[in-house]
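Coordinates from entry_38.txt are shown below (compact mmCIF, C-alpha atoms and all ligand atoms).
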# COMPACT_ATOMS: atom_id res chain seq x y z
CA MET A 1 -34.93 19.54 48.69
CA ILE A 2 -33.64 16.19 47.54
CA PHE A 3 -36.27 15.67 44.85
CA PRO A 4 -35.71 18.81 42.80
CA THR A 5 -31.97 18.22 42.83
CA PHE A 6 -32.50 14.65 41.74
CA LYS A 7 -34.79 15.83 38.98
CA VAL A 8 -32.16 18.27 37.73
CA PHE A 9 -29.64 15.47 37.87
CA LEU A 10 -31.92 13.18 35.88
CA SER A 11 -32.66 15.80 33.29
CA LYS A 12 -28.95 16.43 32.92
CA ILE A 13 -28.44 12.74 32.26
CA PHE A 14 -31.14 12.81 29.62
CA VAL A 15 -29.57 15.82 27.95
CA LEU A 16 -26.21 14.05 27.93
CA LEU A 17 -27.73 10.87 26.56
CA PHE A 18 -29.51 12.85 23.88
CA LEU A 19 -26.38 14.75 22.91
CA SER A 20 -24.28 11.60 22.79
CA THR A 21 -26.85 10.01 20.48
CA VAL A 22 -26.75 13.07 18.25
CA PHE A 23 -22.95 13.09 18.15
CA THR A 24 -22.72 9.37 17.47
CA GLY A 25 -25.00 10.03 14.52
CA CYS A 26 -22.62 12.74 13.37
CA GLU A 27 -19.76 10.28 12.99
CA ASN A 28 -21.36 9.24 9.72
CA GLU A 29 -22.03 12.76 8.63
CA VAL A 30 -22.44 12.94 4.88
CA LYS A 31 -19.75 14.94 3.09
CA ASP A 32 -21.15 14.73 -0.42
CA ASP A 33 -23.96 13.06 -2.33
CA PHE A 34 -23.20 11.53 -5.72
CA ASN A 35 -26.83 11.01 -6.72
CA ASP A 36 -26.69 14.13 -8.88
CA VAL A 37 -24.64 12.37 -11.58
CA SER A 38 -24.99 9.34 -13.81
CA ILE A 39 -21.69 8.36 -15.37
CA ASP A 40 -21.47 5.38 -17.73
CA LEU A 41 -18.32 3.35 -17.33
CA VAL A 42 -17.22 -0.20 -18.09
CA ASP A 43 -15.56 -2.81 -15.88
CA GLN A 44 -12.63 -5.17 -16.50
CA ASN A 45 -14.96 -7.70 -18.14
CA GLY A 46 -16.40 -5.12 -20.51
CA ASP A 47 -19.67 -5.02 -18.57
CA PRO A 48 -21.37 -1.63 -18.27
CA PHE A 49 -21.22 0.10 -14.93
CA ASN A 50 -23.05 3.22 -13.89
CA PHE A 51 -21.71 5.54 -11.23
CA PRO A 52 -23.30 5.80 -8.75
CA ALA A 53 -26.42 3.72 -9.60
CA ASP A 54 -24.56 0.39 -9.62
CA LEU A 55 -22.97 1.09 -6.25
CA LYS A 56 -26.17 1.57 -4.32
CA GLY A 57 -27.40 -0.84 -1.69
CA GLN A 58 -23.94 -1.63 -0.28
CA PRO A 59 -21.12 0.34 1.29
CA VAL A 60 -18.28 1.11 -1.10
CA LEU A 61 -14.55 1.49 -0.80
CA MET A 62 -13.21 3.11 -3.95
CA GLY A 63 -9.62 3.82 -5.02
CA PHE A 64 -8.17 5.70 -8.03
CA VAL A 65 -5.11 4.56 -9.93
CA TYR A 66 -3.36 4.23 -13.26
CA ILE A 67 -1.62 1.00 -14.19
CA ASN A 68 1.73 2.54 -15.17
CA CYS A 69 2.22 3.63 -11.56
CA PRO A 70 3.78 0.64 -9.86
CA ASP A 71 4.57 2.33 -6.58
CA ILE A 72 1.80 4.51 -5.08
CA CYS A 73 -1.03 3.06 -7.18
CA SER A 74 -0.09 -0.57 -6.51
CA PHE A 75 -0.07 0.40 -2.88
CA ILE A 76 -3.65 1.79 -3.15
CA THR A 77 -4.91 -1.30 -4.98
CA ALA A 78 -3.16 -3.64 -2.54
CA ASN A 79 -4.66 -1.67 0.36
CA LEU A 80 -8.19 -2.42 -0.88
CA TYR A 81 -7.34 -6.11 -1.04
CA LYS A 82 -5.87 -5.93 2.44
CA VAL A 83 -9.08 -4.42 3.84
CA TYR A 84 -11.09 -7.16 2.11
CA SER A 85 -8.93 -9.93 3.48
CA GLU A 86 -8.62 -8.47 6.99
CA MET A 87 -12.42 -8.12 7.15
CA GLY A 88 -12.81 -11.84 6.39
CA GLU A 89 -13.62 -11.46 2.67
CA PRO A 90 -17.04 -9.78 2.90
CA GLU A 91 -19.28 -10.13 -0.17
CA ASP A 92 -21.60 -7.27 0.80
CA ILE A 93 -19.15 -4.42 0.26
CA HIS A 94 -18.19 -3.02 -3.15
CA PHE A 95 -14.44 -2.70 -3.63
CA ILE A 96 -13.87 -0.48 -6.65
CA VAL A 97 -10.69 0.59 -8.41
CA ALA A 98 -11.14 3.25 -11.10
CA THR A 99 -8.42 4.33 -13.54
CA PHE A 100 -7.85 7.94 -14.55
CA ASP A 101 -5.77 6.83 -17.55
CA PRO A 102 -8.49 5.40 -19.84
CA GLU A 103 -6.40 5.77 -23.02
CA ARG A 104 -4.02 3.07 -21.86
CA ASP A 105 -6.04 1.28 -19.19
CA THR A 106 -8.56 -0.62 -21.28
CA PRO A 107 -10.84 -3.27 -19.76
CA GLU A 108 -8.46 -5.96 -20.98
CA GLU A 109 -5.43 -4.27 -19.36
CA LEU A 110 -7.41 -3.75 -16.16
CA LYS A 111 -8.31 -7.43 -16.14
CA HIS A 112 -4.64 -8.41 -16.17
CA TYR A 113 -3.87 -5.77 -13.57
CA ALA A 114 -6.68 -7.07 -11.33
CA SER A 115 -5.51 -10.65 -11.61
CA MET A 116 -1.99 -9.72 -10.52
CA PHE A 117 -3.50 -8.58 -7.23
CA ASN A 118 -5.76 -11.64 -7.04
CA MET A 119 -8.64 -9.18 -7.45
CA ASP A 120 -10.19 -10.25 -10.76
CA GLN A 121 -13.20 -11.62 -8.87
CA PRO A 122 -16.25 -10.28 -7.03
CA PRO A 123 -16.64 -8.13 -4.98
CA PHE A 124 -13.88 -6.22 -6.82
CA ARG A 125 -14.54 -4.20 -9.95
CA PHE A 126 -12.03 -2.25 -12.00
CA LEU A 127 -13.52 0.64 -13.92
CA THR A 128 -12.55 2.55 -17.03
CA GLY A 129 -14.52 4.19 -19.82
CA SER A 130 -14.41 6.84 -22.48
CA PRO A 131 -12.03 9.68 -21.63
CA ASP A 132 -15.02 12.04 -21.33
CA GLN A 133 -16.85 9.85 -18.86
CA VAL A 134 -13.71 9.07 -16.85
CA ASP A 135 -12.92 12.79 -16.67
CA ALA A 136 -16.46 13.45 -15.49
CA LEU A 137 -16.08 10.84 -12.75
CA MET A 138 -12.72 12.18 -11.57
CA GLU A 139 -14.02 15.71 -11.51
CA ARG A 140 -17.11 14.71 -9.56
CA VAL A 141 -15.18 12.75 -6.92
CA GLY A 142 -12.41 15.36 -6.65
CA VAL A 143 -9.54 13.32 -8.07
CA ARG A 144 -7.09 15.65 -9.81
CA THR A 145 -4.57 14.44 -12.38
CA ASP A 146 -2.06 15.90 -14.80
CA VAL A 147 0.78 14.61 -16.94
CA SER A 148 3.96 14.95 -14.88
CA TYR A 149 6.62 14.13 -17.42
CA THR A 150 7.23 12.15 -20.53
CA LYS A 151 10.04 9.87 -21.39
CA GLU A 152 11.28 8.50 -24.66
CA THR A 153 12.20 4.83 -24.63
CA ASP A 154 14.92 3.29 -26.80
CA ASP A 155 12.41 2.26 -29.44
CA GLY A 156 11.33 5.89 -29.77
CA GLU A 157 8.07 5.44 -27.93
CA GLU A 158 6.80 8.34 -25.85
CA LEU A 159 5.74 7.42 -22.34
CA TYR A 160 3.93 9.69 -19.91
CA PHE A 161 3.60 9.62 -16.16
CA MET A 162 0.97 11.37 -14.09
CA ASN A 163 0.58 13.33 -10.91
CA HIS A 164 -2.62 12.42 -9.16
CA SER A 165 -4.65 12.64 -5.98
CA ASP A 166 -3.90 9.80 -3.60
CA LYS A 167 -7.38 8.82 -2.46
CA ILE A 168 -9.66 6.12 -1.20
CA LEU A 169 -13.32 7.06 -0.76
CA LEU A 170 -15.78 5.55 1.68
CA ILE A 171 -19.28 5.80 0.19
CA ASP A 172 -22.41 4.58 1.94
CA GLN A 173 -25.33 2.45 0.67
CA ASN A 174 -27.05 5.57 -0.66
CA ALA A 175 -24.13 6.84 -2.77
CA GLN A 176 -23.22 9.46 -0.20
CA LEU A 177 -19.61 10.23 0.55
CA ILE A 178 -18.73 9.48 4.17
CA PHE A 179 -14.99 9.99 4.12
CA ASP A 180 -12.03 10.55 1.87
CA TYR A 181 -8.67 9.10 2.92
CA GLY A 182 -5.09 9.24 1.71
CA GLY A 183 -5.20 6.09 -0.42
CA SER A 184 -1.71 4.78 0.07
CA MET A 185 -0.96 5.91 3.60
CA THR A 186 -4.15 5.22 5.55
CA PRO A 187 -3.78 2.20 7.85
CA THR A 188 -6.29 -0.49 6.90
CA ASN A 189 -7.62 -0.78 10.45
CA ILE A 190 -8.99 2.77 10.18
CA LEU A 191 -10.75 1.94 6.91
CA ILE A 192 -12.17 -1.22 8.45
CA GLU A 193 -13.39 0.56 11.56
CA ASP A 194 -15.21 3.17 9.47
CA LEU A 195 -16.67 0.55 7.10
CA GLU A 196 -18.03 -1.39 10.03
CA LYS A 197 -20.07 1.63 11.14
CA LEU A 198 -22.06 1.57 7.89
CA MET B 1 13.60 -45.28 58.82
CA LYS B 2 14.89 -43.23 56.02
CA ARG B 3 13.95 -39.60 55.69
CA PRO B 4 14.00 -38.24 52.23
CA GLU B 5 17.38 -36.75 51.71
CA LYS B 6 17.53 -33.01 51.34
CA ILE B 7 19.05 -32.13 47.98
CA SER B 8 21.84 -29.68 48.47
CA PRO B 9 22.33 -26.88 45.93
CA VAL B 10 25.86 -28.07 45.36
CA ARG B 11 24.63 -31.44 44.17
CA LEU B 12 22.25 -29.69 41.81
CA LEU B 13 24.97 -27.54 40.33
CA PRO B 14 25.78 -29.80 37.34
CA ALA B 15 22.11 -29.99 36.44
CA ILE B 16 21.75 -26.21 36.70
CA LEU B 17 24.79 -25.69 34.53
CA LEU B 18 23.50 -28.12 31.95
CA PHE B 19 20.14 -26.39 31.97
CA LEU B 20 21.73 -22.96 31.50
CA ALA B 21 23.94 -24.27 28.73
CA VAL B 22 20.91 -25.60 26.86
CA ILE B 23 19.16 -22.24 27.23
CA LEU B 24 22.19 -20.30 26.08
CA VAL B 25 22.85 -22.52 23.09
CA GLY B 26 19.19 -22.22 22.17
CA CYS B 27 19.31 -18.43 22.35
CA GLY B 28 22.55 -18.29 20.49
CA ALA B 29 21.16 -20.27 17.60
CA GLY B 30 18.11 -18.02 17.45
CA ASP B 31 20.16 -14.87 17.38
CA GLU B 32 22.45 -16.23 14.76
CA SER B 33 19.72 -16.92 12.25
CA GLU B 34 18.11 -13.52 12.77
CA GLU B 35 21.12 -11.29 12.86
CA GLN B 36 23.55 -13.15 10.70
CA PRO B 37 23.68 -10.69 7.77
CA ALA B 38 24.29 -7.64 9.94
CA ALA B 39 26.79 -9.33 12.23
CA ILE B 40 28.90 -11.05 9.60
CA ASP B 41 28.78 -8.89 6.48
CA GLY B 42 30.27 -6.01 8.35
CA GLU B 43 31.95 -4.47 5.37
CA GLY B 44 31.17 -3.16 1.94
CA ILE B 45 27.60 -2.77 0.83
CA SER B 46 24.75 -5.19 1.48
CA VAL B 47 21.25 -5.45 0.12
CA GLU B 48 18.47 -7.10 2.12
CA GLY B 49 14.71 -7.52 2.20
CA SER B 50 14.33 -7.14 -1.53
CA TRP B 51 11.19 -7.70 -3.59
CA VAL B 52 9.69 -6.66 -6.91
CA ARG B 53 6.04 -6.28 -7.90
CA PRO B 54 4.69 -8.51 -10.67
CA ALA B 55 4.01 -6.77 -13.98
CA ARG B 56 2.91 -7.57 -17.49
CA ALA B 57 5.28 -7.26 -20.44
CA GLY B 58 5.51 -3.65 -21.58
CA ARG B 59 4.26 -2.27 -18.25
CA MET B 60 6.02 -0.89 -15.18
CA SER B 61 7.19 -2.52 -12.02
CA ALA B 62 8.75 -1.31 -8.80
CA GLY B 63 11.41 -2.92 -6.65
CA TYR B 64 12.31 -2.38 -3.01
CA PHE B 65 15.16 -3.21 -0.64
CA LEU B 66 17.40 -1.95 2.14
CA ILE B 67 20.92 -0.89 1.17
CA THR B 68 23.45 -0.81 3.98
CA ASN B 69 26.83 0.86 3.68
CA PHE B 70 29.17 -0.67 6.29
CA GLU B 71 32.13 1.45 5.24
CA ASP B 72 33.38 4.51 7.09
CA VAL B 73 32.89 6.72 4.05
CA ASP B 74 29.76 7.71 2.19
CA ASP B 75 29.06 5.97 -1.09
CA THR B 76 26.86 6.99 -3.99
CA LEU B 77 24.42 4.79 -5.87
CA THR B 78 24.88 6.20 -9.36
CA GLY B 79 22.47 3.94 -11.20
CA ILE B 80 20.78 0.57 -11.50
CA SER B 81 20.75 -1.57 -14.61
CA SER B 82 18.72 -4.62 -15.48
CA GLY B 83 17.98 -6.71 -18.53
CA ALA B 84 14.43 -7.13 -17.24
CA ALA B 85 13.21 -3.74 -18.47
CA GLU B 86 13.69 -1.23 -21.24
CA LEU B 87 14.81 1.33 -18.64
CA THR B 88 15.70 0.90 -14.99
CA GLU B 89 15.85 4.00 -12.82
CA ILE B 90 16.12 5.09 -9.22
CA HIS B 91 12.76 6.72 -8.47
CA GLU B 92 11.05 8.43 -5.64
CA SER B 93 7.35 9.03 -5.00
CA TYR B 94 6.66 12.36 -3.40
CA GLU B 95 3.82 14.67 -2.50
CA ARG B 96 3.96 17.35 -5.14
CA GLU B 97 1.36 19.47 -3.42
CA GLU B 98 -1.27 18.67 -0.84
CA GLY B 99 -2.84 15.32 -1.63
CA MET B 100 -1.21 15.14 -5.08
CA MET B 101 1.36 12.40 -5.55
CA GLY B 102 3.92 12.18 -8.28
CA MET B 103 7.16 10.37 -8.86
CA ARG B 104 10.49 11.59 -10.11
CA GLU B 105 13.82 10.19 -11.12
CA VAL B 106 16.62 10.40 -8.57
CA PRO B 107 19.81 10.74 -10.65
CA GLU B 108 22.04 9.49 -7.85
CA LEU B 109 21.62 8.65 -4.22
CA THR B 110 24.04 9.02 -1.33
CA ILE B 111 24.31 6.02 0.98
CA PRO B 112 25.88 7.56 4.09
CA ALA B 113 28.68 5.76 5.93
CA GLN B 114 27.49 3.14 8.44
CA SER B 115 23.84 3.57 7.48
CA THR B 116 20.93 1.96 5.76
CA VAL B 117 18.77 3.57 3.07
CA THR B 118 15.28 2.11 2.69
CA PHE B 119 13.46 1.68 -0.61
CA GLU B 120 9.77 1.15 0.23
CA PRO B 121 6.27 1.67 -1.22
CA GLY B 122 5.41 5.35 -1.30
CA GLY B 123 9.04 6.44 -1.30
CA LEU B 124 12.26 5.40 -3.00
CA HIS B 125 11.86 2.54 -5.47
CA ILE B 126 13.64 0.92 -8.38
CA MET B 127 11.50 1.81 -11.37
CA PHE B 128 11.36 -0.81 -14.10
CA ILE B 129 10.00 0.96 -17.18
CA GLN B 130 8.47 -1.39 -19.76
CA VAL B 131 9.47 -4.79 -18.48
CA SER B 132 10.69 -6.96 -21.37
CA GLN B 133 8.63 -9.97 -20.39
CA SER B 134 5.93 -10.51 -17.80
CA ILE B 135 7.34 -10.95 -14.32
CA GLU B 136 5.34 -13.13 -11.99
CA GLU B 137 5.30 -14.21 -8.41
CA GLY B 138 8.15 -16.67 -7.84
CA ASP B 139 10.40 -15.18 -10.55
CA GLN B 140 13.74 -13.53 -9.79
CA VAL B 141 14.74 -10.23 -11.34
CA GLU B 142 18.46 -9.61 -11.78
CA VAL B 143 19.72 -6.09 -11.28
CA THR B 144 23.15 -4.54 -10.96
CA LEU B 145 23.64 -1.62 -8.62
CA HIS B 146 26.43 0.78 -9.55
CA PHE B 147 28.25 2.49 -6.69
CA ALA B 148 30.86 5.21 -7.01
CA ASN B 149 33.24 3.60 -4.48
CA TYR B 150 32.14 0.02 -4.07
CA GLY B 151 31.71 -0.66 -7.77
CA ASP B 152 29.05 -3.00 -9.12
CA LEU B 153 26.85 -5.21 -6.98
CA ALA B 154 24.67 -7.80 -8.72
CA VAL B 155 21.57 -8.93 -6.83
CA GLU B 156 18.53 -11.09 -7.54
CA LEU B 157 15.22 -9.71 -6.37
CA PRO B 158 12.32 -12.10 -5.75
CA VAL B 159 8.94 -11.20 -7.26
CA ARG B 160 5.90 -11.02 -4.99
CA GLN B 161 2.80 -8.95 -4.53
CU CU C 201 8.44 5.30 -10.25

Rewrite the coordinates I just gave you, this time as structure tokens.
Amino acid sequence: MIFPTFKVFLSKIFVLLFLSTVFTGCENEVKDDFNDVSIDLVDQNGDPFNFPADLKGQPVLMGFVYINCPDICSFITANLYKVYSEMGEPEDIHFIVATFDPERDTPEELKHYASMFNMDQPPFRFLTGSPDQVDALMERVGVRTDVSYTKETDDGEELYFMNHSDKILLIDQNAQLIFDYGGSMTPTNILIEDLEKL
Amino acid sequence: MKRPEKISPVRLLPAILLFLAVILVGCGAGDESEEQPAAIDGEGISVEGSWVRPARAGRMSAGYFLITNFEDVDDTLTGISSGAAELTEIHESYEREEGMMGMREVPELTIPAQSTVTFEPGGLHIMFIQVSQSIEEGDQVEVTLHFANYGDLAVELPVRQ
């Protein structure tokens, strides 16, 4: 009588082991696959950048900002730097910041913006492009934006501010979306933990 | 033959007292440096922990601090002015709808009696709209806070990332 019971026990263990393997696999379940698009952008040095082709081969952490947003967006940008520095400055991860305000955020402006965060250096890239291409990118990655209000300055200039999704995306080596986080509020240790699984 | 003398607690007393005194003085000094602002500036309005983000000329910056009202009555921050920017406003970032962030002007802000209001990333901030010249790490930005009761309070905010 002992042997059959033992066999059942063993088979249960195997089932559990199998299930745990399956579930561990599920932690990196793919939420989206960006291989269906090819969007031509440009980085802060004026070098062409294709989304997602130029991201492939390495995990990616990608945030979305506009420069005239010193609070939330600076927070998102600074968060990417924090992850980079807390991980010991890895060179094999892409850290990408893309603007959704291409009219104002030219490569030159992005270069200054990047340098203020000490991020005008690899592995960071700051992306902008033609309004059409930037819109296509934001639509594809699910970043929503609209003009929130405008303001006239003393010299008669009209300034606009934007409402926008607060996001950081974790994308794997194959341009597949693994997770989408609140960009400004997510603790960096969670981002690091998830990056380390890739 | 001389046996080692037993040291009585009474004889040790001066040493113990000295030892305790050293410890207490040490602790006292530590506390003083950490809590000085709260313990001594127990009246009026105080600003602590301030900083401003760097920004290029013509762009925006944000500033943060803690405002404490030590008085027994509420006060109102009615505005902030600064020569460092075209416009200086009290702002607040907020979630306009799920996952969508925006920011809005806060026309005036109550600083309740005996409390601290925190300006921090993702929430209340001083909004510097179109800074007149680039502000960089190590600079100081001068601002004046206008309170309904307390009057004006001029502070210098250090710039850092
Ligand atoms: Cu603001």

Please write as an MDAnalysis selection string the list of polymer residues whose atoms come within 9 Å of (12.1, -1.4, -16.4), counting only C-alpha atoms and keeping to the coordinates of the file.
chainID B and resid 58:62 81:89 126:132

Ligand CU 201 (chain C): which residues are within 7 Å, counting all atoms listed in the file, as a VMD selection string?
(chain A and resid 69 to 71) or (chain B and resid 62 91 to 93 103 to 104 125 127)

Report, in Å to a single decimal, how far apart atom CA of His146 of chain B and atom CA of Val106 of chain B are.
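Here the two named atoms are 13.8 Å from each other.
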
Within 6 Å of chain B, which residues of chain A come that close, and what is the closest atom pair and distance in Å for each? Count all atoms listed in the file and give it as CSV.
residue,atom,partner,partner_atom,distance
A:Asn68,CA,B:Met60,CA,5.5
A:Pro70,CA,B:Ser61,CA,5.1
A:Asp71,CA,B:Pro121,CA,5.7
A:Ile72,CA,B:Gly122,CA,5.3
A:Asn163,CA,B:Gly102,CA,4.4
A:His164,CA,B:Met100,CA,5.1
A:Ser165,CA,B:Met100,CA,4.3
A:Asp166,CA,B:Gly99,CA,6.0

Expected file: the selected residues, C-alpha atoms, as a compact mmCIF listing (two decimals), in the frame of the given file:
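Output saved as again15.txt:
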# COMPACT_ATOMS: atom_id res chain seq x y z
CA ASN A 68 1.73 2.54 -15.17
CA PRO A 70 3.78 0.64 -9.86
CA ASP A 71 4.57 2.33 -6.58
CA ILE A 72 1.80 4.51 -5.08
CA ASN A 163 0.58 13.33 -10.91
CA HIS A 164 -2.62 12.42 -9.16
CA SER A 165 -4.65 12.64 -5.98
CA ASP A 166 -3.90 9.80 -3.60

Could you list, as a count of residues only, every residue within 8 Å of Leu109 of chain B, counting all atoms listed in the file and ignoring same-chain residues fewer than 4 positions away?
3

Would you mind reading off the distance between atom CA of Thr188 of chain A and atom CA of Tyr84 of chain A, one decimal, in Å?
9.5 Å

Give me, please, the distance in Å between atom CA of Lys82 of chain A and atom CA of Asp139 of chain B, quoted to one decimal.
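Computing the Euclidean distance for atom CA of Lys82 of chain A and atom CA of Asp139 of chain B yields 22.8 Å.
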
Scan for residues within 6 Å of the point (14.4, -10.5, -10.4) in the coordinates of the file, using only C-alpha atoms, and reply as a ChimeraX atom specification.
/B:140-142,156-158

Would you mind exporting C-alpha atoms of the selected residues as a PDB file, in the coordinates of the input?
ATOM      1  CA  GLN B 140      13.740 -13.530  -9.790  1.00  0.00           C
ATOM      2  CA  VAL B 141      14.740 -10.230 -11.340  1.00  0.00           C
ATOM      3  CA  GLU B 142      18.460  -9.610 -11.780  1.00  0.00           C
ATOM      4  CA  GLU B 156      18.530 -11.090  -7.540  1.00  0.00           C
ATOM      5  CA  LEU B 157      15.220  -9.710  -6.370  1.00  0.00           C
ATOM      6  CA  PRO B 158      12.320 -12.100  -5.750  1.00  0.00           C
TER       7      PRO B 158
END

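When all atoms listed in the file are used to compute distances to Phe147 of chain B, the closest of the residues B:Ser46, B:Phe70, B:Phe65, B:Gly79 turns out to be B:Gly79.
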
Contacts of segment 48-53 of chain A at 6 Å (only C-alpha atoms; same-chain gap of 6+ positions) as a ChimeraX atom specification
/A:38-42

Using all atoms listed in the file, can you tell me which of A:Met119, A:Val147, A:Cys73, A:Ile96 comes closest to Leu61 of chain A?
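With all atoms listed in the file as the atom set, the closest residue is A:Ile96.
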
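Nearest-residue note for Val117 of chain B: choosing from B:Glu105, B:Val143, B:Gly151, B:Ile45, the minimum distance belongs to B:Ile45, counting all atoms listed in the file.
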
Using the file's own x, y and z axes, so that the box edges lie along x, y and z, what centre and edge lengths in Å (one decimal) does a box around every listed atom of segment 118-121 of chain A get when 5 Å is added on each side? Give it as JSON.
{"center_x": -9.5, "center_y": -10.4, "center_z": -8.9, "size_x": 17.4, "size_y": 12.5, "size_z": 13.7}

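Among the candidates A:Thr145, A:Thr150, A:Met116, A:Gln176, the residue lying nearest to Ile135 of chain B is A:Met116 (atoms considered: all atoms listed in the file).
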